[in-house]
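Peer 1: Please find one structure pasted underneath; my questions will follow.
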Amino acid sequence: MRRARRYIVRVRPDGTVRVTIPRGGSSAEAARFLHRHSAWIASERARVHAASVTPAWTDGATMMLRGELVTMEVGVDTRGRRVVRYGERTVFLNGADDLRVGIEADLRALARDELGRRLHAFAADHGLRISGLTIRNQRSRWGSCSRAGRIALNYRLVQMPPPVRDYVLLHELMHLKEQNHSRRFWRLVEAACPDFRLAERWLRRHGPGLL
Ligand SMILES: [Zn+2]
């Protein structure tokens, strides 16, 4: 690209890699540039891949937690209990429970704690009152807000990058002021969360992989 000043590498959502060659650059130099960044490219491709496919739910497979890729590691503790670790979380598996059952239950507990605290902090910042919070396992939506002021949140929000999670929380909170998706509503969202378009794009691209 004539206007580019340096080599730039980008991993696209489909996992392909694109490298920009600056004016005066060469494909040989681009190849060396890619080689130097191969570790970053590999981890970025793994992240993109994990975000767009459902986890395999097997020992050693990766999943997303707060936007980071973490590995599920199955083991046995000193008392002979089956345990799975992912990120900083440790989950004891009951009897025949598979990884998915154990981890999803744990994500739900994590969501109640983490999303609840975040939501109440945001509500306080904006002078809003929530009449109740429900953590749900929804296949088609990230959150909802009833006329009575009850907010429901999908527990998978804890898997998203924090700025995307925050956008969903703020979106639902703004519905306490405006129960629709009018222009007025989106102006409230933009004031509360100026980067909401980036978050919406992330949700469209990667959200389905989490469901
Ligand atoms: Zn909405």
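In the structure tokens, chains take the letters A, B, ... in the order shown, each chain's residues start at 1, and ligands count up from 1 in the order shown.
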Show me a table, sorted first by chain and then by increasing residue number, of the residues of chain A having an atom at most 9 Å from ligand 1, each with its shortest atom pair and the distance in Å to one decimal, counting only C-alpha atoms and all ligand atoms and written as CSV.
Peer 2:
residue,atom,partner,partner_atom_place_in_ligand_line,distance
A:Gly143,CA,ligand 1,1 (Zn),7.9
A:Ser144,CA,ligand 1,1 (Zn),6.8
A:Cys145,CA,ligand 1,1 (Zn),7.9
A:Val168,CA,ligand 1,1 (Zn),8.7
A:His171,CA,ligand 1,1 (Zn),6.1
A:Glu172,CA,ligand 1,1 (Zn),6.1
A:Met174,CA,ligand 1,1 (Zn),8.3
A:His175,CA,ligand 1,1 (Zn),6.6
A:Gln179,CA,ligand 1,1 (Zn),7.9
A:Asn180,CA,ligand 1,1 (Zn),6.7
A:His181,CA,ligand 1,1 (Zn),6.1
A:Phe185,CA,ligand 1,1 (Zn),8.6
Peer 1: I want to know what sits within 10 Å of Phe196 in chain A, based on only C-alpha atoms, with residues of the same chain fewer than 3 positions away left out; could you give that as a list of chain:residue names?
Peer 2: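 Close residues of Phe196 in chain A: A:Pro163, A:Val164, A:Asp166, A:Tyr167, A:Val168, A:Leu170, A:His171, A:Trp186, A:Val189, A:Glu190, A:Ala191, A:Ala192, A:Cys193, A:Ala199, A:Glu200, A:Arg201, A:Trp202.
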Peer 1: Tell me which of A:Val101, A:Ala121, A:Val19, A:Ala152 sits closest to Thr58 in chain A, counting only C-alpha atoms.
Peer 2: A:Val101
Peer 1: Nearest residue to Arg10 in chain A out of A:Ser140, A:Ser26, A:Ser38, A:Thr90, using only C-alpha atoms?
Peer 2: A:Ser38
Peer 1: Which residues are close to Leu93 in chain A, i.e. within 8 Å by only C-alpha atoms, leaving aside same-chain residues fewer than 3 positions away? Reply as a PyMOL selection string.
Peer 2: chain A and resi 81-84+96-99+102
Peer 1: Please identify the helix (DSSP H, G or I) residues within range 73-143 of chain A (assignment by DSSP from backbone atoms) and present them as a ChimeraX atom specification.
Peer 2: /A:99-125
Peer 1: Quick one: of A:Glu114, A:Glu104, A:Asp77, A:Glu178, who's nearest to Phe92 in chain A, counting only C-alpha atoms?
Peer 2: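 Residue with the minimum atom-to-atom distance to Phe92 in chain A: A:Asp77.
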Peer 1: Mind listing the strand (DSSP E or B) residues of chain A, per DSSP on the backbone, as a PyMOL selection string?
Peer 2: chain A and resi 8-11+17-20+62-65+68-71+73-76+82-86+89-92+132-136+143-145+150-154
Peer 1: Just the number, please: distance in Å from CA of His35 in chain A to CA of Arg47 in chain A, one decimal.
Peer 2: 18.8 Å
Peer 1: Counting only C-alpha atoms, figure out which residue out of A:Met64, A:Val48, A:Leu133, A:Leu203 gets nearest to Arg150 in chain A.
Peer 2: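 Comparing A:Met64, A:Val48, A:Leu133, A:Leu203 against Arg150 in chain A, the winner is A:Leu133.
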